[in-house]
Amino acid sequence: MLPIQDLRVRSVERLVAPRLLKESLPLSAAASQTVYESRAAIQRILSGEDKRFLVIVGPCSIHDPVAALDYARCLRGLQDELKGELFLVMRAYFEKPRTMIGWKGLINDPFLDGSCNIQEGLRLARKLLLQINELGLPTASEFLDSITPQYIDDLVSWAAIGARTTESQLHREMASGLSMPVGFKNGTDGSLQIAVDALGAALRPHSFVGIDQEGFTSVIRTSGNPWGHLVLRGGHKRSNYDPESIQEACMRLLKAELPERLIVDCSHANSAKRPAVQEAVLGNILEQRMRGTTAILGAMLESYLIEGSQKIPEDLTQLRYGVSVTDPCISWEMTEKLLRRSSLRIQEALLVES
Ligand SMILES: O=C[C@H](O)[C@H](O)COP(=O)(O)O
Ligand SMILES: C=C(OP(=O)(O)O)C(=O)O
C-alpha cells in the first residue's frame, strides 16, 4: 500500500460524547433558569423593548477556574445593585483564536503545558459554566470550534463569532442553529461588510455536517438565528466606535435590511489592547447613547481581578493569580468603578429617552 493517508496525523483519540459529559455534569434547575431568563432579557435588549445596557464583561480568557469563579462572585455582587440600568453577562471564553500561534484556551490545553487534554478541558469548562450560572450570573463565550457548542451551549446566554472567523461559512452555519443571540465581530482589518454578510447568512436556514449528542457525524438542519448583531472591535490601527463609524455601521445594516443593533467592544483594536483606554471608549459610547444613538445596545469589557497580562511561564507555579494570560485586562477595582459610572449614565439616558 502506498503511503497516501494520515501522513501528518500523529494520533486520533475518541472524545466523550456530548450527552455523556452532560450526564456527568447535568444542567441544574438554577443554571437553566439563569440561561433561560438571560437569553430572553438579551433578546429584549436587542429588540429595544428593554432599554437597559448590555455589558459583556470578564477576562480575555479563562485559564484558572478558581480565579474565574472568584471574579464571577465579584460581578454577581454588583448585579443586583445595577440591574435597573445594566444587564451584566460574564465573559467566559474557553477557546482563543490566535493570530499565529499561542495558547489556544482552557478547552484546548487546560494544564497550560502543551499536553492538550481536550477532554478534561471540556469538563472543566462545563463545570465552571455551571457554577457561574448557578450563582445567577449569565455567561458569554466565543464559539471557535464548531463541535464544542454541543458540549456547553446549554450554559451560554450570549455567543460571539470572533473577528478571525466571521467570514467563515462554517461559523455562519453554526450560528444559524445556536439557541442564544450571537454577536459577530468585524474583521481584524476593520472590515464591517463581512460581519454584515455573516448576519444575513446566519439569519437563514442551513444544512451542514456536525455531530449529534451521541457524537455521531450528522447532517444538521437549522432554522436561522434572528438575534444576530454586530460587535464593533476596531481594526488594524483604527478604532470604530466614533459617531461616524457608528453611523456607517448603521447605514450598512439598513442597506442589508437588518436591524440596527450594535455592541461596542471597548478592548481589542478599539483600545489598541491598552486596558486603560477601555474607560475612554466606554465613556464615549455612553455619551453617544445619551445623545440619542439608540443603536448602541451594549459594550464589551476585558476585565479580570488584577490589571494587565502575563506570559505563561515555563514554571507554572510562577503564574500570578487573577492576571490574564492573553490580552491585558482592566482590574476589578476599575471594572467596579466603570460599571457604577455606566449605570448612572444609563439612568440619565433613560430619563432623557422617557
Ligand atoms: O482576544 C484575544 C486575542 O486578541 C486573540 O485571541 C488574538 O491573540 P494573538 O494576536 O495574541 O494571537
Ligand atoms: C478574540 C477576541 O476578539 P476578536 O475576535 O475581536 O479579536 C475576544 O473577544 O476574545
# chains A, B, ... in the order shown; residues from 1 in each chain; ligands from 1
>>> residues_around(residues="Gly210 in chain A", least_positions_apart="5", cutoff="10 Å", atoms="only C-alpha atoms", output="JSON, numbers by chain")
{"A": [146, 147, 150, 170, 174, 215, 216, 217, 218, 219, 220, 221]}
>>> write_last_selection(atoms="N, CA and C atoms", output="compact mmCIF listing (two decimals), in the first residue's frame")
# COMPACT_ATOMS: atom_id res chain seq x y z
N SER A 146 -16.55 24.26 15.75
CA SER A 146 -17.99 24.05 15.51
C SER A 146 -18.54 22.81 16.23
N ILE A 147 -17.68 22.03 16.89
CA ILE A 147 -18.12 20.85 17.64
C ILE A 147 -18.39 21.23 19.11
N GLN A 150 -21.84 21.70 21.23
CA GLN A 150 -22.67 20.55 21.65
C GLN A 150 -22.40 20.18 23.11
N LEU A 170 -18.54 28.01 7.87
CA LEU A 170 -18.84 27.04 8.95
C LEU A 170 -19.40 27.75 10.18
N MET A 174 -23.07 27.47 11.81
CA MET A 174 -23.22 27.12 13.22
C MET A 174 -24.11 28.14 13.93
N GLY A 215 -22.39 12.04 19.58
CA GLY A 215 -21.05 12.20 19.00
C GLY A 215 -20.95 11.67 17.58
N PHE A 216 -22.09 11.27 16.99
CA PHE A 216 -22.06 10.76 15.62
C PHE A 216 -22.07 11.90 14.61
N THR A 217 -21.28 11.73 13.56
CA THR A 217 -21.29 12.72 12.48
C THR A 217 -22.69 12.74 11.90
N SER A 218 -23.24 13.96 11.75
CA SER A 218 -24.65 14.06 11.38
C SER A 218 -24.88 15.23 10.44
N VAL A 219 -26.02 15.19 9.76
CA VAL A 219 -26.44 16.37 8.99
C VAL A 219 -27.29 17.22 9.93
N ILE A 220 -26.88 18.46 10.11
CA ILE A 220 -27.62 19.37 10.99
C ILE A 220 -28.41 20.32 10.09
N ARG A 221 -29.69 20.44 10.36
CA ARG A 221 -30.52 21.39 9.58
C ARG A 221 -31.03 22.45 10.56
>>> residues_near_ligand(ligand="ligand 2", cutoff="6 Å", atoms="only C-alpha atoms and all ligand atoms", output="PyMOL selection string")
chain A and resi 60+97+162-164+185+233
>>> closest_residue(among="A:Arg123, A:Ile132, A:Ile263, A:Arg39", to="Arg73 in chain A", atoms="only C-alpha atoms")
A:Ile132
>>> residues_near_ligand(ligand="ligand 1", cutoff="10 Å", atoms="only C-alpha atoms and all ligand atoms", output="VMD selection string")
chain A and resid 59 to 61 93 95 to 105 142 162 to 164 188 267 to 269 273 302 325 to 328
>>> select_by_dssp(residues="range 80-145 of chain A", states="helix (DSSP H, G or I)", output="PDB file with C-alpha atoms, in the first residue's frame")
ATOM      1  CA  ASP A  80     -28.496  43.399  41.959  1.00  0.00           C
ATOM      2  CA  GLU A  81     -27.306  46.943  42.615  1.00  0.00           C
ATOM      3  CA  LEU A  82     -27.021  47.790  38.895  1.00  0.00           C
ATOM      4  CA  ILE A 118      -9.180  18.462  25.396  1.00  0.00           C
ATOM      5  CA  GLN A 119     -11.493  16.028  27.169  1.00  0.00           C
ATOM      6  CA  GLU A 120     -10.504  17.494  30.544  1.00  0.00           C
ATOM      7  CA  GLY A 121     -10.737  20.996  29.061  1.00  0.00           C
ATOM      8  CA  LEU A 122     -14.346  20.412  28.063  1.00  0.00           C
ATOM      9  CA  ARG A 123     -15.139  19.022  31.519  1.00  0.00           C
ATOM     10  CA  LEU A 124     -13.558  21.998  33.306  1.00  0.00           C
ATOM     11  CA  ALA A 125     -15.312  24.482  31.027  1.00  0.00           C
ATOM     12  CA  ARG A 126     -18.713  22.857  31.572  1.00  0.00           C
ATOM     13  CA  LYS A 127     -18.184  22.662  35.335  1.00  0.00           C
ATOM     14  CA  LEU A 128     -17.228  26.324  35.590  1.00  0.00           C
ATOM     15  CA  LEU A 129     -20.116  27.432  33.373  1.00  0.00           C
ATOM     16  CA  LEU A 130     -22.485  25.501  35.637  1.00  0.00           C
ATOM     17  CA  GLN A 131     -21.032  27.142  38.753  1.00  0.00           C
ATOM     18  CA  ILE A 132     -21.267  30.654  37.298  1.00  0.00           C
ATOM     19  CA  ASN A 133     -24.837  30.176  36.091  1.00  0.00           C
ATOM     20  CA  GLU A 134     -25.810  28.705  39.446  1.00  0.00           C
TER      21      GLU A 134
END
>>> closest_residue(among="A:Asp189, A:Ala68, A:Met334, A:Ile346", to="Gly235 in chain A", atoms="only C-alpha atoms")
A:Asp189
>>> residues_around(residues="range 277-289 of chain A", least_positions_apart="2", cutoff="10 Å", atoms="only C-alpha atoms", output="ChimeraX atom specification")
/A:53,239-243,246,263-268,270-275,291-303,329-330,334-335,337-339,341-343,345-346,349-350,353
>>> select_by_dssp(residues="range 1-138 of chain A", states="strand (DSSP E or B)", output="list in words")
Phe53, Leu54, Val55, Ile56, Val57, Gly58, Leu86, Phe87, Leu88, Val89, Met90 and Arg91 of chain A
>>> write_last_selection(atoms="N, CA and C atoms", output="short mmCIF file (atom, residue, chain, number, x, y, z; two decimals), in the first residue's frame")
data_model
loop_
_atom_site.label_atom_id
_atom_site.label_comp_id
_atom_site.auth_asym_id
_atom_site.auth_seq_id
_atom_site.Cartn_x
_atom_site.Cartn_y
_atom_site.Cartn_z
N PHE A 53 -28.66 48.59 29.34
CA PHE A 53 -27.43 48.48 28.56
C PHE A 53 -26.82 47.10 28.84
N LEU A 54 -26.52 46.39 27.75
CA LEU A 54 -25.92 45.06 27.90
C LEU A 54 -24.42 45.21 28.10
N VAL A 55 -23.90 44.62 29.16
CA VAL A 55 -22.44 44.70 29.37
C VAL A 55 -21.87 43.29 29.47
N ILE A 56 -21.02 42.98 28.50
CA ILE A 56 -20.36 41.67 28.46
C ILE A 56 -18.96 41.91 29.00
N VAL A 57 -18.72 41.40 30.20
CA VAL A 57 -17.52 41.82 30.92
C VAL A 57 -16.86 40.61 31.59
N GLY A 58 -15.54 40.57 31.49
CA GLY A 58 -14.82 39.47 32.13
C GLY A 58 -13.49 39.27 31.46
N LEU A 86 -28.18 48.16 33.96
CA LEU A 86 -27.22 47.33 33.22
C LEU A 86 -27.63 45.87 33.27
N PHE A 87 -27.44 45.17 32.17
CA PHE A 87 -27.61 43.72 32.19
C PHE A 87 -26.22 43.12 32.05
N LEU A 88 -25.73 42.54 33.13
CA LEU A 88 -24.34 42.06 33.17
C LEU A 88 -24.24 40.60 32.74
N VAL A 89 -23.33 40.33 31.83
CA VAL A 89 -23.06 38.96 31.38
C VAL A 89 -21.56 38.75 31.48
N MET A 90 -21.16 37.67 32.13
CA MET A 90 -19.71 37.45 32.30
C MET A 90 -19.08 36.79 31.09
N ARG A 91 -18.00 37.38 30.59
CA ARG A 91 -17.20 36.73 29.54
C ARG A 91 -16.60 35.47 30.15
#
>>> residues_around(residues="Glu167 in chain A", least_positions_apart="4", cutoff="12 Å", atoms="only C-alpha atoms", output="PDB file with N, CA and C atoms, in the first residue's frame")
ATOM      1  N   ILE A 161     -18.991  35.231  17.537  1.00  0.00           N
ATOM      2  CA  ILE A 161     -18.169  34.704  16.454  1.00  0.00           C
ATOM      3  C   ILE A 161     -17.079  35.764  16.288  1.00  0.00           C
ATOM      4  N   GLY A 162     -15.844  35.339  16.415  1.00  0.00           N
ATOM      5  CA  GLY A 162     -14.733  36.287  16.507  1.00  0.00           C
ATOM      6  C   GLY A 162     -14.325  36.898  15.176  1.00  0.00           C
ATOM      7  N   ALA A 163     -13.475  37.917  15.297  1.00  0.00           N
ATOM      8  CA  ALA A 163     -13.027  38.674  14.123  1.00  0.00           C
ATOM      9  C   ALA A 163     -12.334  37.782  13.088  1.00  0.00           C
ATOM     10  N   HIS A 171     -18.807  28.909  10.499  1.00  0.00           N
ATOM     11  CA  HIS A 171     -19.245  29.641  11.693  1.00  0.00           C
ATOM     12  C   HIS A 171     -20.608  30.286  11.491  1.00  0.00           C
ATOM     13  N   ARG A 172     -20.854  30.748  10.280  1.00  0.00           N
ATOM     14  CA  ARG A 172     -22.167  31.341   9.985  1.00  0.00           C
ATOM     15  C   ARG A 172     -23.240  30.254  10.066  1.00  0.00           C
ATOM     16  N   GLU A 173     -22.922  29.065   9.529  1.00  0.00           N
ATOM     17  CA  GLU A 173     -23.884  27.954   9.598  1.00  0.00           C
ATOM     18  C   GLU A 173     -24.137  27.583  11.056  1.00  0.00           C
ATOM     19  N   PHE A 184     -21.498  39.075  16.004  1.00  0.00           N
ATOM     20  CA  PHE A 184     -20.427  38.867  15.018  1.00  0.00           C
ATOM     21  C   PHE A 184     -19.496  40.057  15.076  1.00  0.00           C
ATOM     22  N   LYS A 185     -18.207  39.781  15.287  1.00  0.00           N
ATOM     23  CA  LYS A 185     -17.214  40.853  15.296  1.00  0.00           C
ATOM     24  C   LYS A 185     -16.899  41.274  13.865  1.00  0.00           C
ATOM     25  N   ASN A 186     -16.537  42.546  13.699  1.00  0.00           N
ATOM     26  CA  ASN A 186     -15.999  42.931  12.383  1.00  0.00           C
ATOM     27  C   ASN A 186     -14.606  42.295  12.233  1.00  0.00           C
ATOM     28  N   GLY A 187     -14.099  42.256  11.005  1.00  0.00           N
ATOM     29  CA  GLY A 187     -12.817  41.585  10.746  1.00  0.00           C
ATOM     30  C   GLY A 187     -11.634  42.281  11.421  1.00  0.00           C
ATOM     31  N   THR A 188     -10.521  41.594  11.526  1.00  0.00           N
ATOM     32  CA  THR A 188      -9.339  42.186  12.189  1.00  0.00           C
ATOM     33  C   THR A 188      -8.802  43.388  11.407  1.00  0.00           C
ATOM     34  N   SER A 191     -12.850  45.378   8.573  1.00  0.00           N
ATOM     35  CA  SER A 191     -13.935  45.187   7.605  1.00  0.00           C
ATOM     36  C   SER A 191     -15.285  44.921   8.274  1.00  0.00           C
ATOM     37  N   LEU A 192     -16.232  45.791   7.939  1.00  0.00           N
ATOM     38  CA  LEU A 192     -17.586  45.670   8.511  1.00  0.00           C
ATOM     39  C   LEU A 192     -18.435  44.728   7.681  1.00  0.00           C
ATOM     40  N   GLN A 193     -18.169  44.760   6.355  1.00  0.00           N
ATOM     41  CA  GLN A 193     -19.084  44.077   5.444  1.00  0.00           C
ATOM     42  C   GLN A 193     -19.126  42.571   5.711  1.00  0.00           C
ATOM     43  N   ILE A 194     -17.983  41.989   6.118  1.00  0.00           N
ATOM     44  CA  ILE A 194     -18.009  40.532   6.357  1.00  0.00           C
ATOM     45  C   ILE A 194     -18.950  40.205   7.519  1.00  0.00           C
ATOM     46  N   ALA A 195     -19.029  41.115   8.485  1.00  0.00           N
ATOM     47  CA  ALA A 195     -19.920  40.862   9.631  1.00  0.00           C
ATOM     48  C   ALA A 195     -21.379  41.075   9.216  1.00  0.00           C
ATOM     49  N   VAL A 196     -21.613  42.083   8.364  1.00  0.00           N
ATOM     50  CA  VAL A 196     -22.976  42.320   7.875  1.00  0.00           C
ATOM     51  C   VAL A 196     -23.427  41.105   7.048  1.00  0.00           C
ATOM     52  N   ASP A 197     -22.534  40.608   6.198  1.00  0.00           N
ATOM     53  CA  ASP A 197     -22.859  39.410   5.399  1.00  0.00           C
ATOM     54  C   ASP A 197     -23.109  38.209   6.316  1.00  0.00           C
ATOM     55  N   ALA A 198     -22.310  38.109   7.374  1.00  0.00           N
ATOM     56  CA  ALA A 198     -22.469  36.986   8.317  1.00  0.00           C
ATOM     57  C   ALA A 198     -23.854  37.026   8.962  1.00  0.00           C
ATOM     58  N   LEU A 199     -24.313  38.237   9.302  1.00  0.00           N
ATOM     59  CA  LEU A 199     -25.643  38.363   9.917  1.00  0.00           C
ATOM     60  C   LEU A 199     -26.723  37.859   8.968  1.00  0.00           C
ATOM     61  N   GLY A 200     -26.574  38.252   7.691  1.00  0.00           N
ATOM     62  CA  GLY A 200     -27.547  37.828   6.683  1.00  0.00           C
ATOM     63  C   GLY A 200     -27.511  36.318   6.489  1.00  0.00           C
ATOM     64  N   ALA A 201     -26.306  35.735   6.543  1.00  0.00           N
ATOM     65  CA  ALA A 201     -26.182  34.282   6.353  1.00  0.00           C
ATOM     66  C   ALA A 201     -26.759  33.529   7.554  1.00  0.00           C
ATOM     67  N   ALA A 202     -26.425  33.996   8.755  1.00  0.00           N
ATOM     68  CA  ALA A 202     -26.853  33.270   9.961  1.00  0.00           C
ATOM     69  C   ALA A 202     -28.362  33.374  10.205  1.00  0.00           C
TER      70      ALA A 202
END
>>> atom_distance(atom1="CA of Phe143 in chain A", atom2="CA of Gln43 in chain A")
18.9 Å
>>> closest_residue(among="A:Ser245, A:Gln33, A:Ser223, A:Asn108", to="Asp154 in chain A", atoms="only C-alpha atoms")
A:Gln33
>>> atom_distance(atom1="CA of Ala31 in chain A", atom2="CA of Ala67 in chain A")
19.9 Å
>>> atom_distance(atom1="CA of Leu305 in chain A", atom2="CA of Ile62 in chain A")
11.8 Å
>>> closest_residue(among="A:Arg340, A:Met290, A:Val12, A:Gly308", to="Val352 in chain A", atoms="only C-alpha atoms")
A:Met290
>>> closest_residue(among="A:Asp153, A:Glu49, A:Asp109, A:Glu348", to="His63 in chain A", atoms="only C-alpha atoms")
A:Asp109
